[in-house]
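Peer 1: Before I ask anything, here is the structure I am working with.
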Amino acid sequence: TKKNTPAPAADPTAPSGADEPRVSARQVLARFVAYYKPYKFLFFFDLVCASVLAAVDLAFPQFLGFFTREFFLEPPEAILSALGWIALGFAALYALRTACQYFITAWGHIMGARMEADMRMDLFRQYQRLSFSYYDRNNTGEMMSKLLTDLFDISELAHHGPENLFICILKIAGSFVLLFMINVPLTAIMLAATAVMAAYAFWRNYRKRVIFTENRRKMADINARLQDSLGGIRVVKSFGNEGVEIAKFGGTNERFVDTKESSYRFMGAFHAVNSVFTGVLYTVTIVGGGYFVATGGLAPAELAIYALYIGIFLSPIEQLINFTEQFQKGYAGFRRFMEVLAVRPDVRNRPGALPLAAAEAERGRADGFVAGEVRYRGVRFGYDGEHEVLRGLDLAIPAGTTVALVGPSGGGKTTTCSLLPRFYDPGAGSVEIDGIDVRDVTVETLREAIGIVQQDVYLFGGTVRENIAYGRPDATDAQIVEAARRANIHEFVMGLPEGYDTFVGERGARLSGGQKQRIAIARVFLRNPRILILDEATSALDNESERAIQASLEELSEGRTTLVIAHRLSTIRGADLIAVVEDGRMVEQGTHDELLELGGTYARYYEMQFGRPSEGL
Ligand code: ADP
Ligand code: MG
C-alpha cells in the first residue's frame with residue numbers, strides 16, 4: 001500500500017508492511033557484542049578469573065607429578081617438615097580459585113542479567129514504537145514470549161558463553177600441550193578420536209537448531225493461548241466455555257510437550273554418543289598407555305598423570321558440547337530479537353517533519369494555532385495492501401464544525417477516522433489539517449491535537465486519577481477535578497470509597513460501561529485537543545447512560561472540529577454536516593434537510609429509523 005505514497009513521506013527502503021526483515025549472522029554478532037560494552041570491565045575481570053580457574057586446574061597434575069617424581073623421594077623428615085608449607089601453599093592457591101569461582105558465578109550472572117535488562121528495554125521500546133499494522137499482523141502472546149523466554153536464553157548465553165568458551169579453550173589447549181609432553185604417539189591417537197567426536201557434534205548441530213526453533217515456537221503458542229483465554233475470561237465464562245478453553249489449551253500444551261520430548265530424546269542420544277567417545281578415550285588411554293609402559297616408552301606414574309589430564313581435557317569438551325546447545329538456544333532467541341528490532345515502524349516521522357504548531361506558524365497562523373480544518377483528498381487505503389477499504393474518499397470539514405459519518409457497518413467509517421491521527425497512512429491521496437499533510441508533521445504533535453473516544457474504553461490498572469491524567473501526567477488536582485466535572489463523573493468519583501485514589505481494577509473491571517466511558521471523556525477534556533473523534537462512543541451503553549453521556553460529549557465537542565460516528569438520530573441531526581460513507585467512498589454529503597431532500601441513501605436510512613424508532617441508523 002505504501003507504493004503510492006507521495007514523495008515526502010515515502011521511504012523506498014522500508015519494508016512496506018512486509019514481514020520481519022532477515023538479519024545476517026554478522027549483524028547478529030556485531031549487535032550482540034555491542035551489549036557487552038557497558039560491562040567491559042566486568043567482562044574483562046570475568047575472563048581473568050576464568051583464566052585463573054583454568055590455570056589452577058591445569059597445574060594440579062603438574063604438582064602431583066613433581067611430588068611423586070622428585071619431592072616424595074626425599075628423606076621422610078624433609079617431607080614431613082615441608083608438609084605445613086605445602087598445605088599453606090595449596091590453601092592459598094585454592095582460596096584464589098574459590099574467589100575466582102565466586103566472582104564468575106555471582107558477577108557473571110549479574111552481568112548477564114543486566115545485559116538481559118538492557119535488551120528487554122530495547123525490545124519494549126521497539127514494541128512501543130511499532131505501528132498499528134505490526135500489531136495487526138502479530139500476536140501479543142508471541143511478543144510477550146520474546147520479551148521473557150527468549151531474552152532469558154540470550155542472557156544465559158551472554159554470560160556463560162564467552163567465559164565457558166575461554167575456560168574450555170584454555171583447558172583443552174593446555175592439557176593437549178601437556179599430554180603431548182608426556183607421550184606423543186598416544187596423544188596423536190587421542191587427537192584423532194577427538195576430531196571424530198567434534199565432527200559428530202557439528203554434524204548434529206543443524207538438527208539441534210531445528211528442534212530448538214520448534215520448541216520456542218510452541219512455547220510462544222502457549223503464551224498466545226494464555227493471553228487470549230485469560231484476556232477474554234469474561235466471555236469464556238459467560239458462554240460457559242471453560243471446558244472448550246481447557247481442551248484448546250490442552251492441545252497447545254500437548255504439542256509443546258511433544259516437541260520438548262523429541263528434543264530430550266535427541267539430547268539423550270547425543271549425550272549417549274558422547275559418552276561412548278569418553279569410554280573410547282579412557283580405553284585407549286589404558287590400553288595404549290599399557291602398551292607404552294610395557295615397551296618402555298612411559299613410566300607407570302606418568303601414565304597416572306596422563307589419565308588426570310585426560311579427565312581435565314574431557315570435561316571442557318563435554319562443556320563445549322553443552323555449550324553448543326546453549327548457543328543454539330541463545331542464538332535463535334537473539335536472532336528473533338534482532339528481527340523485531342530491525343522492523344521499521346510503518347508510520348514514523350519523515351525527515352524534517354515539523355511540530356504541528358511550527359507547521360501552522362509557517363503558514364502564517366499566529367502562535368501556531370491549530371484551527372482544525374480537516375480534509376481528505378482522494379484517499380485510498382487497504383489494511384493488507386490487497387483489499388482496498390477506502391477507494392478514493394473525499395471529505396472536507398470546516399474548522400470547529402461537527403461532521404457525522406454514517407453508513408453501513410464495515411463501510412470504512414472507523415478506518416477513515418484512524419487515518420487522521422496516522423494510525424495508518426493512506427496508500428494514495430492525502431489527509432490534511434489546515435492544509436498541512438498529516439505526514440509532514442511529527443506524529444507526537446499530530447496526536448496531541450486529536451482526542452479520541454471509542455466504543456470500548458481501555459482503562460489501565462491504576463487509580464481513577466491516574467486514568468484521567470493519562471494524557472497529561474503533569475495535570476494538577478484542580479484540573480483533573482475540572483475535567484471530571486465536565487465529563488459528569490466527579491460526583492460519582494467522590495462517592496467511591498477512596499475518591500480519585502480508588503483503584504479501577506484490571507481494565508477498569510470495577511466500573512460500569514458508562515462510568516468507564518465518562519473517565520475516557522474526562523481524559524480527553526483534560527487533554528483539550530483541537531480535533532475530536534467520537535467513534536460510536538455511546539453504542540455500548542444502555543439508553544439512560546447514553547442520554548446522560550450525550551450531554552458531556554456535546555460539551556466536549558463544543559468549539560472543536562469533531563468527527564462523530566453514531567447511530568442516534570439526534571446526534572446525527574445535530575451535526576453541521578452529514579457524510580454517508582459506503583464501500584469506502586463518500587456517497588452523499590450535506591445537512592440533514594439537504595440529504596432528505598436528495599432522497600438517496602441517507603433518506604432511506606432515515607425512513608428505516610422513522611419506521612422503527614428504537615433502531616439505529
Ligand atoms: P465501519 O467503521 O464503517 O464499520 P471499518 O472502517 O471498521 O468500518 O472497516 C472497514 C473494513 O476494513 C471492514 O471490511 C473491516 O473488516 C476492515 N478492517 C477494519 N480494521 C481492520 C484491520 N485492523 N485489519 C484488517 N482489516 C480491517
Ligand atoms: Mg466502526
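Ligands are numbered from 1 in the order shown, chains are lettered A, B, ... in the order of the C-alpha cells, and residues start at 1 in each chain.
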Please identify every residue of chain A that has at least one atom no farther than 8 Å from an atom of ligand 2, counting only C-alpha atoms and all ligand atoms, and for each give the shortest atom pair and the distance in Å to one decimal, arranged by chain then increasing number, as a tab-separated table.

Peer 2:
residue	atom	partner	partner_atom_place_in_ligand_line	distance
A:Ser409	CA	ligand 2	1 (Mg)	6.6
A:Gly410	CA	ligand 2	1 (Mg)	6.7
A:Gly412	CA	ligand 2	1 (Mg)	7.0
A:Lys413	CA	ligand 2	1 (Mg)	5.5
A:Thr414	CA	ligand 2	1 (Mg)	4.1
A:Thr415	CA	ligand 2	1 (Mg)	7.3
A:Asp535	CA	ligand 2	1 (Mg)	6.7
A:Glu536	CA	ligand 2	1 (Mg)	7.2
A:Ile565	CA	ligand 2	1 (Mg)	7.5

Peer 1: Check which residues of chain A sit at most 9 Å from ligand 1 using only C-alpha atoms and all ligand atoms, and return one row each with the closest pair of atoms and their distance in Å to one decimal, ordered by chain and rising number, as CSV.

Peer 2:
residue,atom,partner,partner_atom_place_in_ligand_line,distance
A:Phe132,CA,ligand 1,23 (N),7.8
A:Ser133,CA,ligand 1,23 (N),7.2
A:Tyr135,CA,ligand 1,23 (N),8.6
A:Asp136,CA,ligand 1,23 (N),5.6
A:Arg137,CA,ligand 1,24 (N),8.4
A:Gly382,CA,ligand 1,12 (O),7.5
A:Tyr383,CA,ligand 1,25 (C),4.9
A:Asp384,CA,ligand 1,25 (C),6.5
A:His387,CA,ligand 1,26 (N),8.6
A:Glu388,CA,ligand 1,12 (O),8.2
A:Val389,CA,ligand 1,11 (C),5.3
A:Leu390,CA,ligand 1,10 (C),7.9
A:Leu405,CA,ligand 1,3 (O),8.5
A:Val406,CA,ligand 1,3 (O),7.9
A:Gly407,CA,ligand 1,3 (O),6.6
A:Pro408,CA,ligand 1,3 (O),6.2
A:Ser409,CA,ligand 1,4 (O),3.6
A:Gly410,CA,ligand 1,8 (O),3.4
A:Gly411,CA,ligand 1,3 (O),3.9
A:Gly412,CA,ligand 1,6 (O),3.2
A:Lys413,CA,ligand 1,3 (O),3.6
A:Thr414,CA,ligand 1,2 (O),3.6
A:Thr415,CA,ligand 1,6 (O),3.6
A:Thr416,CA,ligand 1,6 (O),6.4
A:Cys417,CA,ligand 1,6 (O),8.0
A:Ser418,CA,ligand 1,6 (O),8.3
A:Asp535,CA,ligand 1,2 (O),8.0
A:Glu536,CA,ligand 1,2 (O),8.8
A:Ile565,CA,ligand 1,2 (O),8.0
A:Val581,CA,ligand 1,3 (O),7.3
A:Glu582,CA,ligand 1,3 (O),7.7
A:Asp583,CA,ligand 1,10 (C),8.1
A:Gly584,CA,ligand 1,10 (C),7.5

Peer 1: Applying 12 Å and only C-alpha atoms, which residues near Gly378 (chain A) remain after dropping the ones on its own chain fewer than 6 positions away? List them as a PyMOL selection string.

Peer 2: chain A and resi 390-396+416+426-432+584-586

Peer 1: Store the residues picked out above in a file with C-alpha atoms, as a short mmCIF file (atom, residue, chain, number, x, y, z; two decimals), in the first residue's frame.

Peer 2:
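Generated file (part-v3.cif):
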data_model
loop_
_atom_site.label_atom_id
_atom_site.label_comp_id
_atom_site.auth_asym_id
_atom_site.auth_seq_id
_atom_site.Cartn_x
_atom_site.Cartn_y
_atom_site.Cartn_z
CA LEU A 390 -11.17 3.18 1.20
CA ARG A 391 -11.44 3.82 -2.54
CA GLY A 392 -10.90 7.47 -3.23
CA LEU A 393 -12.62 9.11 -0.30
CA ASP A 394 -13.09 12.89 -0.28
CA LEU A 395 -14.28 14.87 2.70
CA ALA A 396 -13.88 18.46 3.86
CA THR A 416 -11.44 6.94 7.78
CA PRO A 426 -3.11 6.14 3.08
CA GLY A 427 -1.84 4.32 0.03
CA ALA A 428 -2.84 7.23 -2.19
CA GLY A 429 -4.32 10.66 -1.68
CA SER A 430 -3.80 12.69 1.45
CA VAL A 431 -5.27 13.71 4.78
CA GLU A 432 -4.73 17.32 5.79
CA GLY A 584 -15.00 3.11 1.09
CA ARG A 585 -16.42 6.11 -0.69
CA MET A 586 -18.24 9.27 0.25
#

Peer 1: From the set A:Tyr424, A:Tyr39, A:Tyr282, A:Phe460, which residue has the shortest atom-to-atom contact distance to Trp107 (chain A), counting only C-alpha atoms?

Peer 2: A:Tyr39

Peer 1: Measure the distance from CA of Glu555 (chain A) to CA of Gly514 (chain A) in Å and round it to one decimal.

Peer 2: 16.7 Å

Peer 1: Could you work out how far CA of Ala551 (chain A) lies from CA of Thr445 (chain A), giving the answer in Å with one decimal?

Peer 2: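 A separation of 28.4 Å between them.
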
Peer 1: Counting only C-alpha atoms, which residue out of A:Tyr309, A:Phe124, A:Tyr94, A:Phe166 sits closest to Leu341 (chain A)?

Peer 2: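 Nearest to Leu341 (chain A): A:Phe124.
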
Peer 1: So how far away is CA of Arg336 (chain A) from CA of Asp150 (chain A), in Å?

Peer 2: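 Interatomic distance, CA of Asp150 (chain A) to CA of Arg336 (chain A): 8.3 Å.
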
Peer 1: Residues at most 12 Å from Gly161 (chain A), counting only C-alpha atoms, excluding those fewer than 3 positions away in the same chain, as a PyMOL selection string?

Peer 2: chain A and resi 32-33+43+46-47+50+108-109+112+153-158+164-169+319-331

Peer 1: Quick one: DSSP helix (DSSP H, G or I) residues in region 348-467 of chain A, as a ChimeraX atom specification?

Peer 2: /A:356-362,366-368,413-419,438-440,443-448,464-467

Peer 1: I'd like the neighbourhood of region 204-218 of chain A as a list of chain:residue names, where a residue qualifies if any of its atoms comes within 9 Å (using only C-alpha atoms), though same-chain residues fewer than 5 positions away should be ignored.

Peer 2: A:Glu142, A:Ser145, A:Thr149, A:Asp150, A:Ala199, A:Asn223, A:Thr252, A:Asn253, A:Arg255, A:Phe256, A:Val257, A:Thr259, A:Lys260, A:Ser262, A:Ser263, A:Phe266, A:Met267, A:Phe270, A:Thr324, A:Glu325, A:Gln328, A:Lys329, A:Ala332, A:Gly333
